[in-house]
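Q: Sharing protein.tsv (TSV, C-alpha atoms and all ligand atoms) below.
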```tsv
chain	number	residue	atom	x	y	z
G	21	MET	CA	-30.37	-39.62	-168.36
G	22	VAL	CA	-28.10	-37.13	-166.66
G	23	HIS	CA	-24.72	-38.45	-165.52
G	24	VAL	CA	-23.38	-37.91	-162.00
G	25	ALA	CA	-19.86	-36.97	-160.90
G	26	LEU	CA	-18.44	-36.62	-157.38
G	27	THR	CA	-15.70	-34.20	-156.33
G	28	ILE	CA	-13.80	-34.82	-153.09
G	29	ALA	CA	-11.96	-31.54	-152.53
G	30	GLY	CA	-11.50	-28.35	-150.54
G	31	SER	CA	-13.60	-25.19	-150.62
G	32	ASP	CA	-12.21	-21.93	-152.07
G	33	SER	CA	-14.22	-18.99	-150.71
G	34	GLY	CA	-13.03	-16.99	-153.73
G	35	GLY	CA	-14.88	-19.38	-156.02
G	36	GLY	CA	-12.12	-19.87	-158.61
G	37	ALA	CA	-10.59	-23.17	-157.48
G	38	GLY	CA	-11.49	-26.16	-155.32
G	39	ILE	CA	-14.96	-27.57	-154.99
G	40	GLN	CA	-16.55	-24.40	-156.38
G	41	ALA	CA	-14.56	-24.69	-159.64
G	42	ASP	CA	-15.37	-28.39	-159.83
G	43	LEU	CA	-19.14	-27.94	-159.41
G	44	LYS	CA	-19.27	-25.04	-161.88
G	45	THR	CA	-17.34	-27.10	-164.42
G	46	PHE	CA	-19.61	-30.14	-163.95
G	47	GLN	CA	-22.64	-27.89	-164.42
G	48	GLU	CA	-21.18	-26.28	-167.54
G	49	LEU	CA	-20.51	-29.71	-169.03
G	50	GLY	CA	-24.02	-30.99	-168.27
G	51	VAL	CA	-23.04	-33.42	-165.51
G	52	PHE	CA	-24.82	-33.46	-162.14
G	53	GLY	CA	-22.23	-32.53	-159.51
G	54	THR	CA	-22.07	-33.99	-156.01
G	55	SER	CA	-19.37	-33.21	-153.46
G	56	ALA	CA	-17.55	-34.28	-150.31
G	57	LEU	CA	-15.81	-31.35	-148.63
G	58	THR	CA	-12.33	-32.10	-147.21
G	59	ALA	CA	-11.31	-28.64	-145.99
G	60	VAL	CA	-12.43	-25.02	-145.91
G	61	THR	CA	-10.01	-22.35	-147.12
G	62	ALA	CA	-10.45	-18.62	-146.61
G	63	GLN	CA	-9.16	-17.45	-149.96
G	64	ASN	CA	-9.38	-14.86	-152.71
G	65	THR	CA	-7.38	-14.12	-155.85
G	66	TYR	CA	-4.46	-12.86	-153.70
G	67	GLY	CA	-4.05	-16.08	-151.71
G	68	VAL	CA	-5.10	-18.32	-148.85
G	69	SER	CA	-5.47	-16.70	-145.39
G	70	ALA	CA	-6.77	-19.65	-143.34
G	71	ILE	CA	-7.38	-23.40	-143.63
G	72	GLN	CA	-9.61	-25.66	-141.56
G	73	SER	CA	-9.66	-29.34	-142.50
G	74	MET	CA	-12.66	-31.61	-141.89
G	75	GLU	CA	-12.65	-34.65	-139.60
G	76	PRO	CA	-12.04	-37.79	-141.70
G	77	SER	CA	-15.28	-39.32	-140.36
G	78	ILE	CA	-17.45	-36.53	-141.84
G	79	ILE	CA	-15.64	-36.90	-145.17
G	80	THR	CA	-16.38	-40.64	-145.13
G	81	ALA	CA	-20.03	-39.91	-144.27
G	82	GLN	CA	-20.36	-37.47	-147.19
G	83	ILE	CA	-18.92	-39.96	-149.70
G	84	GLN	CA	-21.13	-42.76	-148.38
G	85	ALA	CA	-24.26	-40.58	-148.51
G	86	VAL	CA	-23.60	-39.76	-152.16
G	87	LYS	CA	-22.69	-43.34	-153.13
G	88	GLU	CA	-25.75	-44.82	-151.41
G	89	ASP	CA	-28.15	-42.70	-153.43
G	90	PHE	CA	-26.54	-41.95	-156.81
G	91	ALA	CA	-24.95	-44.01	-159.56
G	92	VAL	CA	-21.73	-42.00	-159.61
G	93	GLN	CA	-20.02	-42.34	-162.99
G	94	ALA	CA	-16.75	-40.56	-162.17
G	95	VAL	CA	-14.93	-39.25	-159.11
G	96	LYS	CA	-12.22	-36.61	-158.84
G	97	THR	CA	-10.08	-35.76	-155.85
G	98	GLY	CA	-8.51	-32.36	-155.24
G	99	MET	CA	-7.17	-30.87	-151.98
G	100	LEU	CA	-6.85	-33.69	-149.43
G	101	PHE	CA	-4.56	-31.95	-146.91
G	102	SER	CA	-3.55	-34.79	-144.54
G	103	ALA	CA	-2.57	-38.47	-144.52
G	104	GLU	CA	-5.63	-39.25	-142.36
G	105	ILE	CA	-7.96	-37.72	-144.95
G	106	ILE	CA	-6.22	-39.57	-147.79
G	107	GLN	CA	-6.61	-42.90	-145.95
G	108	ALA	CA	-10.32	-42.22	-145.30
G	109	VAL	CA	-10.94	-41.29	-148.96
G	110	ALA	CA	-8.96	-44.29	-150.25
G	111	ALA	CA	-11.01	-46.64	-148.05
G	112	GLU	CA	-14.22	-45.40	-149.70
G	113	LEU	CA	-12.89	-45.52	-153.27
G	114	ARG	CA	-11.09	-48.88	-153.13
G	115	ASP	CA	-12.98	-51.57	-155.08
G	116	SER	CA	-15.63	-49.03	-156.17
G	117	GLY	CA	-14.97	-49.63	-159.87
G	118	ILE	CA	-15.74	-45.94	-160.58
G	119	PRO	CA	-13.29	-44.05	-162.84
G	120	LEU	CA	-11.08	-41.94	-160.57
G	121	VAL	CA	-9.23	-38.75	-161.53
G	122	ILE	CA	-6.60	-37.73	-158.97
G	123	ASP	CA	-5.42	-34.13	-159.10
G	124	PRO	CA	-2.47	-34.25	-156.67
G	125	VAL	CA	-3.06	-30.75	-155.29
G	126	MET	CA	-0.08	-29.60	-153.23
G	127	ILE	CA	0.66	-25.87	-153.23
G	128	ALA	CA	-1.60	-22.98	-154.25
G	129	LYS	CA	-0.20	-20.36	-156.65
G	130	GLY	CA	0.07	-17.92	-153.74
G	131	GLY	CA	2.36	-20.40	-151.92
G	132	ALA	CA	-0.05	-21.88	-149.35
G	133	SER	CA	0.43	-25.59	-148.67
G	134	LEU	CA	-2.76	-27.56	-149.41
G	135	LEU	CA	-1.14	-30.92	-148.65
G	136	ARG	CA	1.03	-31.56	-145.60
G	137	ASP	CA	4.55	-32.79	-146.45
G	138	GLU	CA	4.02	-36.00	-144.51
G	139	ALA	CA	0.87	-36.76	-146.56
G	140	VAL	CA	2.81	-37.23	-149.83
G	141	ASP	CA	3.69	-40.84	-148.91
G	142	ALA	CA	0.03	-41.65	-148.23
G	143	LEU	CA	-0.95	-40.11	-151.56
G	144	LYS	CA	1.62	-42.30	-153.33
G	145	SER	CA	0.91	-45.54	-151.48
G	146	ALA	CA	-2.84	-45.42	-150.75
G	147	LEU	CA	-4.52	-43.28	-153.41
G	148	ILE	CA	-2.46	-43.21	-156.61
G	149	PRO	CA	-2.70	-47.01	-157.01
G	150	LEU	CA	-6.50	-46.55	-157.29
G	151	ALA	CA	-6.26	-43.90	-160.02
G	152	THR	CA	-7.68	-44.21	-163.49
G	153	VAL	CA	-5.61	-41.10	-164.23
G	154	VAL	CA	-3.33	-38.81	-162.18
G	155	THR	CA	-2.98	-35.19	-163.39
G	156	PRO	CA	0.16	-33.56	-161.88
G	157	ASN	CA	1.68	-30.33	-163.13
G	158	ILE	CA	5.47	-30.37	-163.38
G	159	PRO	CA	6.23	-29.26	-159.79
G	160	GLU	CA	3.77	-31.88	-158.48
G	161	ALA	CA	5.31	-34.57	-160.71
G	162	GLU	CA	8.72	-33.66	-159.26
G	163	VAL	CA	7.45	-34.13	-155.70
G	164	LEU	CA	5.74	-37.44	-156.56
G	165	THR	CA	8.81	-38.86	-158.31
G	166	GLY	CA	11.78	-37.17	-156.65
G	167	LEU	CA	13.03	-36.31	-160.16
G	168	GLU	CA	14.18	-32.91	-161.30
G	169	ILE	CA	12.31	-32.27	-164.55
G	170	LYS	CA	14.32	-30.27	-167.07
G	171	SER	CA	13.62	-31.91	-170.41
G	172	GLU	CA	10.99	-33.84	-172.34
G	173	SER	CA	12.71	-37.11	-171.53
G	174	ASP	CA	12.50	-36.19	-167.81
G	175	ILE	CA	8.73	-35.75	-168.26
G	176	GLU	CA	8.50	-39.21	-169.84
G	177	ARG	CA	10.55	-40.73	-167.01
G	178	ALA	CA	8.30	-39.02	-164.44
G	179	ALA	CA	5.19	-40.41	-166.15
G	180	GLU	CA	6.62	-43.92	-166.04
G	181	HIS	CA	7.53	-43.43	-162.38
G	182	ILE	CA	3.92	-42.46	-161.54
G	183	MET	CA	2.57	-45.45	-163.52
G	184	ALA	CA	4.92	-47.65	-161.49
G	185	LEU	CA	3.16	-46.43	-158.32
G	186	GLY	CA	0.09	-48.25	-159.66
G	187	ALA	CA	-1.85	-45.58	-161.56
G	188	GLN	CA	-3.54	-46.81	-164.76
G	189	SER	CA	-2.52	-43.62	-166.58
G	190	VAL	CA	-1.06	-40.18	-166.09
G	191	VAL	CA	-1.27	-36.75	-167.71
G	192	ILE	CA	1.71	-34.51	-166.92
G	193	LYS	CA	0.62	-30.93	-167.58
G	194	GLY	CA	3.35	-28.82	-169.13
G	195	GLY	CA	1.77	-25.41	-168.54
G	196	HIS	CA	4.42	-24.50	-165.96
G	197	TRP	CA	7.11	-24.43	-168.66
G	198	LYS	CA	7.09	-20.69	-169.15
G	199	GLU	CA	9.44	-20.70	-172.13
G	200	ALA	CA	7.18	-22.93	-174.19
G	201	PRO	CA	5.15	-21.48	-177.07
G	202	PHE	CA	2.65	-24.23	-176.31
G	203	ALA	CA	1.16	-25.65	-173.15
G	204	GLU	CA	1.86	-29.30	-173.94
G	205	ASP	CA	0.63	-32.20	-171.82
G	206	LEU	CA	1.90	-35.79	-172.02
G	207	PHE	CA	-0.59	-38.66	-171.64
G	208	VAL	CA	0.74	-42.13	-170.87
G	209	GLY	CA	-1.76	-44.95	-170.49
G	210	SER	CA	-1.79	-48.69	-170.13
G	211	GLU	CA	-0.88	-50.93	-173.08
G	212	GLY	CA	1.60	-48.38	-174.38
G	213	THR	CA	-0.87	-45.60	-175.28
G	214	ARG	CA	1.07	-42.36	-175.31
G	215	PHE	CA	0.42	-38.98	-176.88
G	216	SER	CA	0.98	-35.28	-176.36
G	217	VAL	CA	-1.77	-32.69	-176.58
G	218	ARG	CA	-0.88	-29.05	-176.96
G	219	SER	CA	-2.62	-25.69	-177.02
G	220	PRO	CA	-1.15	-22.24	-177.69
G	221	TRP	CA	0.41	-20.59	-174.64
G	222	VAL	CA	-1.89	-17.91	-173.19
G	223	ASP	CA	-0.10	-15.01	-171.50
G	224	THR	CA	-2.40	-14.13	-168.57
G	225	LYS	CA	-2.24	-13.80	-164.81
G	226	ASP	CA	-5.76	-15.21	-164.51
G	227	THR	CA	-4.93	-18.86	-164.02
G	228	HIS	CA	-6.34	-19.47	-160.55
G	229	GLY	CA	-8.00	-22.87	-160.37
G	230	THR	CA	-6.77	-24.18	-163.73
G	231	GLY	CA	-5.69	-27.54	-162.27
G	232	CYS	CA	-9.02	-28.03	-160.49
G	233	THR	CA	-11.03	-27.02	-163.55
G	234	TYR	CA	-9.01	-29.31	-165.84
G	235	SER	CA	-9.39	-32.39	-163.62
G	236	ALA	CA	-13.10	-31.67	-163.06
G	237	ALA	CA	-13.62	-31.43	-166.83
G	238	LEU	CA	-11.76	-34.72	-167.29
G	239	ALA	CA	-14.03	-36.37	-164.70
G	240	ALA	CA	-17.13	-34.87	-166.37
G	241	PHE	CA	-16.16	-36.21	-169.80
G	242	LEU	CA	-15.46	-39.65	-168.29
G	243	ALA	CA	-18.85	-39.54	-166.51
G	244	ASP	CA	-20.39	-38.85	-169.91
G	245	GLY	CA	-18.85	-42.05	-171.25
G	246	GLU	CA	-15.91	-40.71	-173.28
G	247	SER	CA	-12.87	-42.98	-173.47
G	248	LEU	CA	-9.90	-41.83	-171.43
G	249	PRO	CA	-7.88	-40.51	-174.43
G	250	GLU	CA	-10.99	-38.69	-175.75
G	251	ALA	CA	-11.65	-37.20	-172.29
G	252	VAL	CA	-8.04	-35.98	-172.02
G	253	ILE	CA	-8.35	-34.15	-175.35
G	254	SER	CA	-11.81	-32.74	-174.51
G	255	ALA	CA	-10.60	-31.50	-171.11
G	256	LYS	CA	-7.56	-29.85	-172.75
G	257	CYS	CA	-9.85	-27.96	-175.17
G	258	PHE	CA	-12.07	-26.89	-172.26
G	259	ILE	CA	-9.22	-25.61	-170.09
G	260	HIS	CA	-7.62	-23.75	-172.99
G	261	ALA	CA	-10.90	-21.93	-173.66
G	262	ALA	CA	-11.34	-21.28	-169.91
G	263	ILE	CA	-7.89	-19.65	-169.68
G	264	GLU	CA	-8.26	-17.72	-172.94
G	265	ASN	CA	-11.61	-16.23	-171.86
G	266	GLY	CA	-10.55	-15.15	-168.35
G	267	LEU	CA	-13.10	-12.94	-166.60
G	268	GLY	CA	-10.67	-10.32	-165.31
G	269	ILE	CA	-12.18	-10.28	-161.82
G	270	GLY	CA	-10.24	-9.99	-158.56
G	271	GLY	CA	-7.03	-8.03	-158.08
G	272	GLY	CA	-4.63	-11.00	-157.95
G	273	HIS	CA	-4.53	-14.22	-159.95
G	274	GLY	CA	-8.12	-14.17	-161.27
G	275	PRO	CA	-10.22	-17.25	-161.94
G	276	THR	CA	-10.43	-19.09	-165.23
G	277	ASN	CA	-13.78	-18.89	-166.98
G	278	HIS	CA	-15.95	-21.87	-166.13
G	279	TRP	CA	-18.48	-20.96	-168.80
G	280	ALA	CA	-15.86	-21.47	-171.47
G	301	LIG	N1	-7.64	-23.81	-153.21
G	301	LIG	C1	-8.17	-25.00	-153.26
G	301	LIG	C2	-9.21	-25.37	-152.27
G	301	LIG	C3	-7.75	-25.92	-154.24
G	301	LIG	O1	-8.26	-27.15	-154.29
G	301	LIG	C4	-6.78	-25.54	-155.17
G	301	LIG	C5	-6.43	-26.47	-156.22
G	301	LIG	O2	-5.36	-26.65	-156.71
G	301	LIG	C6	-6.22	-24.28	-155.08
G	301	LIG	C7	-6.68	-23.44	-154.10
G	301	LIG	C8	-5.10	-23.86	-155.96
G	301	LIG	O3	-5.44	-22.93	-156.84
G	301	LIG	P1	-4.36	-22.25	-157.77
G	301	LIG	O4	-4.78	-22.59	-159.14
G	301	LIG	O5	-4.42	-20.81	-157.46
G	301	LIG	O6	-3.03	-22.85	-157.45
```
So, in terms of C-alpha cells, how does the structure I just supplied come out?
Ligand code: PLP
A:
Amino acid sequence: MVHVALTIAGSDSGGGAGIQADLKTFQELGVFGTSALTAVTAQNTYGVSAIQSMEPSIITAQIQAVKEDFAVQAVKTGMLFSAEIIQAVAAELRDSGIPLVIDPVMIAKGGASLLRDEAVDALKSALIPLATVVTPNIPEAEVLTGLEIKSESDIERAAEHIMALGAQSVVIKGGHWKEAPFAEDLFVGSEGTRFSVRSPWVDTKDTHGTGCTYSAALAAFLADGESLPEAVISAKCFIHAAIENGLGIGGGHGPTNHWA
C-alpha cells in the first residue's frame, strides 16, 4: 500500500523550493504527497518578489482535512512565516504521534525573510519540542541557539542545545561551510546515537530548494518505514544526487534536480 506524507509549507512559484519541491520529492520517492499551504511567494531563481501568508484558520482546516481522510505516516514543516501560523500548526500536530520533520526555514538564498524575527521564539517553544528531527543549516542553527558556529565542537554544542529545546533528534547540515571538501552533516539522536554523514562538495550555483528537498526526502523515507538513522543517510544520498545533477534552468540560483 502506498504511504502518505504531508508537507506544511509555503509555495514557490518558481517550482524549485517550498511545497512544489516537497511534492515533487515525495512523488519521486514513491510516497503520496498531501499539503497544507502556509504562504504564497512570488519567486524565481533570482529571488522572492512578494509574500502573502495564509490565515491560520485555513491552514488548520487544510491539516484537519488531510488528517481526517488519510493515514499520514510522516509530516514535514517548511516556511511557517509567523508566530500565529506556528501556534496553529503546533496545535494540530501535538499528540498526533506522527513522525515530524521540522525544517526551520528562515531566510531564502536571495535574502528574503521567510520567518518573521518574532516567530523564532514560537518555533523554539511550540514546535521544536514536537519534532522527531529538526534539520537546520548552520546559519539557522546559530539563530536557534544564539551560538556562533566556527568549529566542529560548536556544531556539537548547537546540536545539544536544540535537543535541550525538546527535539528528539537533530541533523545540522554543514553544506554552508564553503571551505570544506565535503558537505558533512551531524546527526544527534536520543540515547546517545550520533554520527556524521558526508558527501563530496559540489561546486554549483544551482542549490535553490536544497533544504526543502532534503527535509521532504527525509519525511518520505520515514513515511516508508525507514528508521531515523537510515532515513537520514538515504536523504543525504538523495540530496547529493539532486545537487550533482542540477538542471541548469533559470538565470539565478537554479533548482536542484528532483528526479535525482
Ligand atoms: N521559498 C520557499 C517557499 C521555501 O520554503 C524555501 C525553503 O527554504 C525557500 C524559498 C528557500 O529556498 P533557497 O534554497 O533558495 O534558500
Q: Name the residues, by chain letter and number, that sit within 7 Å of ligand LIG 301 (chain G) using only C-alpha atoms and all ligand atoms, and give them as a PyMOL selection string.
A: chain G and resi 29-32+37-39+61+98-99+125-130+227-232
Q: So how many Å separate atom CA of Ser33 of chain G and atom CA of Asn64 of chain G, to one decimal?
A: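 Taking atom CA of Ser33 of chain G and atom CA of Asn64 of chain G, their separation equals 6.7 Å.
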Q: What lies within 9 Å of Gly195 of chain G using only C-alpha atoms, ignoring chain neighbours under 3 positions off, as a PyMOL selection string?
A: chain G and resi 157-158+198+200+202-205+221
Q: In Å, with one decimal, what is the gap from atom CA of Ser55 of chain G to atom CA of Ser69 of chain G?
A: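 Distance reported for this atom pair: 23.0 Å.
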Q: So what do you get for atom CA of Ser219 of chain G versus atom CA of Lys256 of chain G, distance-wise?
A: 7.7 Å
Q: Could you tell me which of G:Ala132, G:Leu185, G:Ala236, G:Ala178 comes closest to Ile148 of chain G if we count all atoms listed in the file?
A: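 Nearest to Ile148 of chain G: G:Leu185.
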Q: Nearest to Val140 of chain G: which of G:Leu100, G:Ala240, G:Leu113, G:Cys257 is it, counting only C-alpha atoms?
A: G:Leu100
Q: Determine the nearest neighbour of Thr27 of chain G from the options G:Gln107, G:Glu75, G:Ala239, G:Glu250, counting all atoms listed in the file.
A: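 Among the listed residues, the smallest separation from Thr27 of chain G belongs to G:Ala239.
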